[in-house]
$ cat final09.cif   # mmCIF, C-alpha atoms
data_upload
loop_
_atom_site.label_atom_id
_atom_site.label_comp_id
_atom_site.auth_asym_id
_atom_site.auth_seq_id
_atom_site.Cartn_x
_atom_site.Cartn_y
_atom_site.Cartn_z
CA MET A 1 -83.45 89.49 158.98
CA TYR A 2 -84.99 86.09 159.72
CA GLU A 3 -85.44 84.86 156.15
CA LEU A 4 -82.53 82.41 156.19
CA SER A 5 -83.34 81.15 159.69
CA ILE A 6 -86.98 80.48 158.77
CA LEU A 7 -86.00 78.73 155.54
CA ARG A 8 -83.48 76.59 157.42
CA TRP A 9 -86.14 75.65 160.00
CA ILE A 10 -88.62 74.61 157.29
CA HIS A 11 -85.84 72.70 155.54
CA ILE A 12 -85.11 70.72 158.72
CA VAL A 13 -88.81 69.93 159.22
CA ALA A 14 -89.14 68.80 155.58
CA MET A 15 -86.08 66.57 155.95
CA VAL A 16 -87.50 65.01 159.13
CA TYR A 17 -90.82 64.24 157.43
CA TRP A 18 -88.99 62.80 154.42
CA LEU A 19 -86.73 60.48 156.42
CA GLY A 20 -89.34 59.55 159.03
CA GLY A 21 -92.11 59.15 156.49
CA GLU A 22 -90.10 56.76 154.34
CA TRP A 23 -89.33 54.65 157.42
CA GLY A 24 -93.02 54.56 158.33
CA VAL A 25 -94.08 53.45 154.85
CA PHE A 26 -91.36 50.80 154.79
CA GLN A 27 -92.47 49.28 158.10
CA THR A 28 -96.15 49.38 157.15
CA ALA A 29 -95.38 47.58 153.88
CA TYR A 30 -94.63 44.36 155.74
CA ASN A 31 -98.26 44.12 156.83
CA ILE A 32 -99.50 45.07 153.38
CA VAL A 33 -97.96 41.93 151.88
CA ASN A 34 -98.69 39.68 154.88
CA ARG A 35 -101.00 36.93 153.61
CA LYS A 36 -101.82 35.87 157.16
CA LEU A 37 -103.85 39.05 157.59
CA SER A 38 -107.31 39.52 156.16
CA MET A 39 -107.66 41.60 153.01
CA GLU A 40 -109.56 44.22 154.97
CA GLU A 41 -106.71 44.49 157.48
CA ARG A 42 -104.12 44.70 154.71
CA ARG A 43 -106.07 47.47 153.01
CA ARG A 44 -106.11 49.41 156.28
CA HIS A 45 -102.32 49.18 156.41
CA LEU A 46 -102.17 50.35 152.79
CA GLU A 47 -104.30 53.35 153.73
CA THR A 48 -101.95 54.08 156.64
CA ALA A 49 -98.96 53.89 154.30
CA TYR A 50 -100.53 56.43 151.96
CA ARG A 51 -101.30 58.81 154.83
CA ILE A 52 -97.71 58.63 156.03
CA ASP A 53 -96.27 58.83 152.53
CA ILE A 54 -98.00 62.08 151.61
CA LEU A 55 -95.99 63.89 154.29
CA ALA A 56 -92.77 62.35 152.96
CA ARG A 57 -93.72 63.40 149.41
CA THR A 58 -94.47 66.91 150.63
CA GLY A 59 -91.07 67.08 152.30
CA ILE A 60 -89.31 65.90 149.13
CA ILE A 61 -91.02 68.52 146.98
CA LEU A 62 -90.27 71.35 149.41
CA LEU A 63 -86.61 70.50 149.93
CA LEU A 64 -85.48 71.50 146.44
CA PRO A 65 -86.95 75.04 146.38
CA LEU A 66 -85.86 75.58 149.98
CA GLY A 67 -82.32 74.54 149.04
CA LEU A 68 -82.26 76.75 145.96
CA HIS A 69 -83.67 79.71 147.90
CA MET A 70 -81.07 79.35 150.66
CA GLY A 71 -78.40 78.71 148.04
CA HIS A 72 -79.07 82.14 146.57
CA ILE A 73 -78.76 83.75 149.99
CA TRP A 74 -75.45 81.92 150.54
CA GLY A 75 -74.24 83.01 147.12
CA VAL A 76 -73.75 79.51 145.71
CA GLN A 77 -76.53 79.75 143.12
CA PRO A 78 -77.05 82.94 141.08
CA TYR A 79 -80.80 82.93 140.43
CA GLY A 80 -82.81 85.17 142.75
CA GLY A 81 -85.54 87.79 142.55
CA THR A 82 -88.11 86.91 139.89
CA ALA A 83 -86.61 83.45 139.42
CA ILE A 84 -87.25 82.64 143.09
CA VAL A 85 -90.85 83.84 142.85
CA VAL A 86 -91.51 81.81 139.69
CA MET A 87 -89.90 78.78 141.30
CA TRP A 88 -92.17 78.94 144.35
CA ILE A 89 -95.28 79.34 142.18
CA ALA A 90 -94.27 76.28 140.15
CA VAL A 91 -93.63 74.32 143.35
CA ALA A 92 -97.05 75.33 144.72
CA ILE A 93 -98.67 73.92 141.56
CA TRP A 94 -96.61 70.74 141.81
CA LEU A 95 -97.47 70.31 145.48
CA SER A 96 -101.18 70.82 144.72
CA LEU A 97 -100.94 68.10 142.07
CA CYS A 98 -99.29 65.75 144.57
CA TRP A 99 -102.03 66.30 147.16
CA ALA A 100 -104.77 65.94 144.54
CA ALA A 101 -103.31 62.54 143.60
CA PHE A 102 -103.41 61.63 147.30
CA PHE A 103 -107.06 62.61 147.75
CA PHE A 104 -108.11 60.58 144.68
CA ARG A 105 -105.65 57.74 145.35
CA GLU A 106 -108.19 54.89 145.15
CA THR A 107 -109.55 55.94 141.76
CA ASP A 108 -108.43 55.93 138.14
CA LYS A 109 -108.23 59.72 138.38
CA GLY A 110 -105.80 59.40 141.27
CA ILE A 111 -103.58 57.05 139.29
CA ARG A 112 -103.56 59.49 136.34
CA LEU A 113 -102.65 62.38 138.64
CA THR A 114 -99.90 60.29 140.21
CA LYS A 115 -98.43 59.60 136.78
CA ILE A 116 -98.44 63.33 136.01
CA ASP A 117 -96.73 63.98 139.34
CA GLU A 118 -94.11 61.40 138.42
CA SER A 119 -93.59 62.98 134.99
CA VAL A 120 -92.43 66.19 136.69
CA ARG A 121 -89.51 64.22 138.07
CA PHE A 122 -88.64 62.94 134.58
CA VAL A 123 -87.86 66.55 133.66
CA LEU A 124 -86.45 67.68 136.99
CA ILE A 125 -83.97 64.85 137.55
CA PRO A 126 -81.93 65.28 134.33
CA VAL A 127 -81.96 69.08 134.74
CA MET A 128 -80.52 68.75 138.24
CA MET A 129 -77.89 66.27 137.11
CA ILE A 130 -76.84 68.42 134.16
CA CYS A 131 -76.53 71.49 136.41
CA ALA A 132 -74.48 69.58 138.98
CA ILE A 133 -72.17 67.95 136.43
CA GLY A 134 -71.81 71.25 134.56
CA THR A 135 -70.70 72.87 137.80
CA PHE A 136 -68.21 70.08 138.50
CA LEU A 137 -66.71 70.71 135.05
CA GLY A 138 -66.53 74.44 135.66
CA TYR A 139 -69.36 75.54 133.39
CA GLY A 140 -71.86 76.49 136.12
CA PRO A 141 -74.55 77.39 136.89
CA PHE A 142 -73.56 77.02 140.54
CA ALA A 143 -70.55 78.61 142.22
CA THR A 144 -67.27 76.67 142.25
CA GLY A 145 -65.21 78.68 144.70
CA GLU A 146 -63.44 77.36 147.76
CA GLY A 147 -65.92 75.90 150.25
CA GLN A 148 -68.77 75.91 147.71
CA MET A 149 -68.53 72.53 145.98
CA TRP A 150 -70.70 70.89 148.64
CA TYR A 151 -73.70 72.52 146.97
CA PRO A 152 -73.55 70.92 143.49
CA THR A 153 -72.59 67.64 145.19
CA LYS A 154 -75.72 67.86 147.29
CA ILE A 155 -77.82 68.62 144.21
CA PHE A 156 -76.31 65.64 142.37
CA ILE A 157 -77.01 63.20 145.21
CA PHE A 158 -80.51 64.62 145.66
CA ALA A 159 -81.22 63.98 141.97
CA TRP A 160 -80.24 60.33 142.40
CA LEU A 161 -82.44 60.10 145.48
CA LEU A 162 -85.34 61.29 143.33
CA VAL A 163 -84.56 58.43 140.95
CA ILE A 164 -84.79 55.93 143.81
CA GLY A 165 -87.89 57.63 145.14
CA LEU A 166 -89.47 57.47 141.70
CA LYS A 167 -88.95 53.71 141.61
CA LEU A 168 -90.52 53.39 145.06
CA ARG A 169 -93.44 55.55 143.85
CA PHE A 170 -93.93 53.13 140.92
CA ILE A 171 -94.09 50.25 143.37
CA MET A 172 -96.58 51.98 145.63
CA ARG A 173 -98.78 52.97 142.70
CA GLU A 174 -98.82 49.35 141.58
CA TRP A 175 -99.93 48.32 145.06
CA THR A 176 -103.12 50.29 144.52
CA VAL A 177 -103.80 48.53 141.22
CA ILE A 178 -103.03 45.09 142.65
CA PHE A 179 -105.24 45.57 145.71
CA ARG A 180 -108.14 46.62 143.52
CA GLN A 181 -107.73 43.33 141.66
CA LEU A 182 -107.29 41.26 144.82
CA ALA A 183 -110.49 42.77 146.23
CA GLN A 184 -112.35 41.00 143.41
CA LYS A 185 -110.67 37.59 143.77
CA GLU A 186 -107.61 35.88 145.24
CA ASP A 187 -104.67 35.59 142.88
CA GLU A 188 -101.41 33.81 143.73
CA VAL A 189 -99.57 35.57 140.92
CA LEU A 190 -100.49 39.01 142.27
CA GLU A 191 -99.59 37.99 145.82
CA ALA A 192 -96.19 36.81 144.61
CA ARG A 193 -95.75 40.11 142.81
CA LEU A 194 -96.38 42.03 146.04
CA GLU A 195 -93.83 39.93 147.91
CA GLN A 196 -91.26 40.42 145.14
CA GLN A 197 -91.75 44.17 145.30
CA ILE A 198 -91.23 44.38 149.05
CA ARG A 199 -87.96 42.45 148.74
CA MET A 200 -86.72 44.80 146.03
CA SER A 201 -87.91 47.95 147.79
CA ARG A 202 -86.14 46.89 151.00
CA TYR A 203 -82.70 47.26 149.39
CA LEU A 204 -83.70 50.47 147.66
CA ALA A 205 -84.90 51.87 150.98
CA TYR A 206 -81.55 51.18 152.67
CA LEU A 207 -79.74 53.05 149.89
CA TYR A 208 -82.36 55.79 150.09
CA TRP A 209 -81.78 56.40 153.81
CA ILE A 210 -78.01 56.50 153.39
CA GLY A 211 -78.43 59.09 150.63
CA ILE A 212 -80.84 61.20 152.68
CA LEU A 213 -78.44 61.24 155.63
CA THR A 214 -75.56 62.15 153.28
CA VAL A 215 -77.48 65.08 151.83
CA ALA A 216 -78.34 66.26 155.34
CA PHE A 217 -74.68 65.97 156.39
CA LEU A 218 -73.49 68.04 153.42
CA GLY A 219 -76.05 70.75 154.09
CA ALA A 220 -75.22 70.91 157.79
CA THR A 221 -71.41 70.78 157.60
CA LYS A 222 -70.59 72.22 154.12
CA PRO A 223 -67.27 70.33 154.25
CA PHE A 224 -65.77 71.35 150.88
#

$ encode --input "final09.cif" --output "structure tokens"
Amino acid sequence: MYELSILRWIHIVAMVYWLGGEWGVFQTAYNIVNRKLSMEERRRHLETAYRIDILARTGIILLLPLGLHMGHIWGVQPYGGTAIVVMWIAVAIWLSLCWAAFFFRETDKGIRLTKIDESVRFVLIPVMMICAIGTFLGYGPFATGEGQMWYPTKIFIFAWLLVIGLKLRFIMREWTVIFRQLAQKEDEVLEARLEQQIRMSRYLAYLYWIGILTVAFLGATKPF
């Protein structure tokens, strides 16, 4: 009786952590690249960014299975039963990998785990885009009836948001590498690299937030 309501509640919470977490990381990044602060202070801000970001990453990972699960209940995606169970098991493994990368974030092992986590998206993103475009063209797998096209549109935009998020993940992973090098000695080239990254990530973040709000709007209003 309450399955859809509970899933919708978790979906809202995951969306809040995603949007709010990305804003927190973005604001913290200004202090990470601030040369006026001591290296110790900058590393503390980097640690804060990672602790905020893990909640955003968790929200991102949960949103897709939650959306697919609710989509089956709404009748806009056909895969239920065993497929739903398998999906949630796969997501649990993926989420465990993400948290393991977080716990080992300051080590070579953490960087390797982060790269594996990122590789999941290399598979997931094209699959989502193919499914969305296939639905737009009338080949499925999602429903194309009246009032149902919001769903593949949402999936398509979400896939592009994962692309942007992947780029931001690359930047954040490089921060870890750069700070390990800066801890050994000062380097103007590395400092310039950090400043270049924050300028680039600023524009990506603006686009990211617009996309997140658009996805939320489509899910809430189902306009077409």

$ resolve_selection --input "final09.cif" --expression "the PyMOL selection byres ((chain A and resi 39-49) around 12)" --output "number ranges by chain"
A: 21-38, 50-57, 102-103, 105-106, 169, 172-186, 191, 194

$ closest_residue --input "final09.cif" --among "A:Trp9, A:Phe136, A:Tyr208, A:Tyr79" --to "A:Val163" --atoms "all atoms listed in the file"
A:Tyr208

$ residues_around --input "final09.cif" --residues "stretch 211-217 of chain A" --least-positions-apart "3" --cutoff "9 Å" --atoms "all atoms listed in the file" --output "PyMOL selection string"
chain A and resi 12+15+18-19+153-155+157-158+160-161+206-208+220-223

$ residues_around --input "final09.cif" --residues "stretch 91-100 of chain A" --least-positions-apart "3" --cutoff "10 Å" --atoms "all atoms listed in the file" --output "list in words"
Ile54, Leu55, Arg57, Thr58, Gly59, Ile60, Ile61, Leu62, Leu64, Pro65, Val85, Val86, Met87, Trp88, Phe103, Phe104, Arg105, Lys109, Gly110, Leu113, Thr114, Lys115, Ile116, Asp117, Glu118 and Val120 of chain A

$ write_last_selection --input "final09.cif" --atoms "C-alpha atoms" --output "short mmCIF file (atom, residue, chain, number, x, y, z; two decimals), keeping the file's coordinate frame"
data_model
loop_
_atom_site.label_atom_id
_atom_site.label_comp_id
_atom_site.auth_asym_id
_atom_site.auth_seq_id
_atom_site.Cartn_x
_atom_site.Cartn_y
_atom_site.Cartn_z
CA ILE A 54 -98.00 62.08 151.61
CA LEU A 55 -95.99 63.89 154.29
CA ARG A 57 -93.72 63.40 149.41
CA THR A 58 -94.47 66.91 150.63
CA GLY A 59 -91.07 67.08 152.30
CA ILE A 60 -89.31 65.90 149.13
CA ILE A 61 -91.02 68.52 146.98
CA LEU A 62 -90.27 71.35 149.41
CA LEU A 64 -85.48 71.50 146.44
CA PRO A 65 -86.95 75.04 146.38
CA VAL A 85 -90.85 83.84 142.85
CA VAL A 86 -91.51 81.81 139.69
CA MET A 87 -89.90 78.78 141.30
CA TRP A 88 -92.17 78.94 144.35
CA PHE A 103 -107.06 62.61 147.75
CA PHE A 104 -108.11 60.58 144.68
CA ARG A 105 -105.65 57.74 145.35
CA LYS A 109 -108.23 59.72 138.38
CA GLY A 110 -105.80 59.40 141.27
CA LEU A 113 -102.65 62.38 138.64
CA THR A 114 -99.90 60.29 140.21
CA LYS A 115 -98.43 59.60 136.78
CA ILE A 116 -98.44 63.33 136.01
CA ASP A 117 -96.73 63.98 139.34
CA GLU A 118 -94.11 61.40 138.42
CA VAL A 120 -92.43 66.19 136.69
#

$ closest_residue --input "final09.cif" --among "A:Val76, A:Leu168, A:Val189, A:Met128" --to "A:Tyr151" --atoms "only C-alpha atoms"
A:Val76

$ atom_distance --input "final09.cif" --atom1 "atom CA of A:Arg193" --atom2 "atom CA of A:Phe122"
25.3 Å

$ closest_residue --input "final09.cif" --among "A:Ala83, A:Ala205, A:Arg199, A:Ile6" --to "A:Gly20" --atoms "all atoms listed in the file"
A:Ala205

$ resolve_selection --input "final09.cif" --expression "the PyMOL selection byres ((chain A and resi 8) around 12)" --output "list of chain:residue names"
A:Tyr2, A:Glu3, A:Leu4, A:Ser5, A:Ile6, A:Leu7, A:Trp9, A:Ile10, A:His11, A:Ile12, A:Val13, A:Ala14, A:Met15, A:Leu62, A:Leu63, A:Pro65, A:Leu66, A:Gly67, A:Leu68, A:His69, A:Met70, A:Gly71, A:Ile73, A:Trp74, A:Ala216, A:Gly219, A:Ala220

$ closest_residue --input "final09.cif" --among "A:Met129, A:Ile84, A:Met149, A:Leu137" --to "A:Phe224" --atoms "all atoms listed in the file"
A:Met149

$ atom_distance --input "final09.cif" --atom1 "atom CA of A:Leu166" --atom2 "atom CA of A:Gly134"
23.5 Å

$ atom_distance --input "final09.cif" --atom1 "atom CA of A:Phe170" --atom2 "atom CA of A:Ala192"
16.9 Å

$ closest_residue --input "final09.cif" --among "A:Ile164, A:Leu190, A:Ile171, A:Ala159" --to "A:Trp209" --atoms "all atoms listed in the file"
A:Ile164

$ closest_residue --input "final09.cif" --among "A:Thr135, A:Ser201, A:Tyr17, A:Gln196" --to "A:Gln148" --atoms "all atoms listed in the file"
A:Thr135

$ axis_aligned_box --input "final09.cif" --around "stretch 70-80 of chain A" --padding-each-side "6 Å" --output "AutoDock Vina command-line options"
--center_x -78.3 --center_y 81.9 --center_z 145.5 --size_x 21.1 --size_y 18.5 --size_z 22.2
